[in-house]
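Novice: Here it is: the structure, laid out below.
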Amino acid sequence: MPPDSGAGIYFDGKTSARHDAMVVLAPSALQISGHDGRLLAEWPYDELEELAAPDKVLRLGRRGNAVLERLEIFDPEFAAAVDARAINVDRTGTRQRRQRGSVIGWSVAATVSLLLVAWFGIPALAARIAPLLPVAVDRKLGDAVDMQMRGLLDTRNSGTAFECGNAENEKAGRAALDKIVQRLEASATLPGKLRTFVVRRSEANAMALGRVYCFG
């Protein structure tokens with residue numbers, strides 16, 4: 001059990017004289033008394049601040065006090081007991097570690113929240129907005145990004161050869177794809193026709209940005 005009293009050296013800030021003192025950890029304040037029992041000072045715990053001192057010394061002052069009072073404690077166990085009560089004293093680093101853990105926890109929570117919004121919120125929002133977007137606007141958006149998308153996908157600068165379905169031996173496949181798309185359009189009762197393109201890419205994938213790009 002940590003001690004609730006201990007020895008200290010008190011400087012009143014008015015003279016350079018040092019006073020051997022008895023320090024008592026009262027419920028709400030640190031009490032400094034002389035060996036004759038006379039109360040020299042009483043500092044509330046929330047007004048204590050740690051001053052620069054050697055590693056083995058806890059040097060305390062009172063925040064906002066114009067008088068340069070200070071108290072020095074050399075007993076490490078008693079210094080730890082003062083540390084546990086004083087809000088602005090953190091010699092053990094416990095509060096700093098707690099604050100760091102809190103920051104990390106909130107950062108993780110914020111990241112998870114952003115991921116959830118991206119995974120669930122954005123698709124739900126898009127699903128609500130899409131029916132309200134005029135077809136003409138959707139097509140203009142598709143036209144605007146088509147050139148950029150082709151530039152990103154066509155890394156070999158193949159030009160017109162980048163799109164499948166134009167060669168004689170590819171027309172049958174293109175026709176089959178068109179039939180599938182028409183069935184999808186009819187089943188979904190879409191307000192307009194889908195514009196699909198099969199492009200020459202090694203990976204199996206597809207993208208829809210106003211136009212549908214199928215990798216093949």
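Convention: chains lettered A, B, ... in structure tokens order; per-chain residue numbering from 1; ligands numbered from 1 as shown.
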Just want the 9 Å neighbourhood of Pro3 of chain A, counted on only C-alpha atoms, with same-chain residues fewer than 4 positions away dropped. Output as a PDB file with C-alpha atoms, in the first residue's frame.

Specialist:
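Result file follows (around00.pdb):
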```pdb
ATOM      1  CA  LEU A  25      -1.530  13.372   1.305  1.00  0.00           C
ATOM      2  CA  GLU A  77       7.538   5.291  -3.183  1.00  0.00           C
ATOM      3  CA  PHE A  78       6.128   8.490  -1.742  1.00  0.00           C
ATOM      4  CA  ALA A  81       1.922   8.145  -4.336  1.00  0.00           C
TER       5      ALA A  81
END
```

Novice: Return the single residue from A:Ala188, A:Ile9, A:Val181, A:Leu153 that is closest to Glu203 of chain A, with distances computed using only C-alpha atoms.

Specialist: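 Comparing A:Ala188, A:Ile9, A:Val181, A:Leu153 against Glu203 of chain A, the winner is A:Leu153.
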
Novice: One number please: atom CA of Asn65 of chain A to atom CA of Gly13 of chain A, in Å, one decimal.

Specialist: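 Result for atom CA of Asn65 of chain A versus atom CA of Gly13 of chain A: 10.2 Å, one decimal.
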
Novice: Given the choices A:Leu48, A:Ala53, A:Leu40, A:Leu60, which gets closest to Asn88 of chain A if the distance is worked out from only C-alpha atoms?

Specialist: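 Using only C-alpha atoms, Asn88 of chain A sits closest to A:Leu48.
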
Novice: Please identify all polymer residues within 12 Å of Ala161 of chain A, counting only C-alpha atoms, omitting same-chain residues fewer than 6 positions from it, and present them as a list in words.

Specialist: Arg150, Asp154, Ala167, Glu170, Val198, Val199, Arg200 and Arg201 of chain A
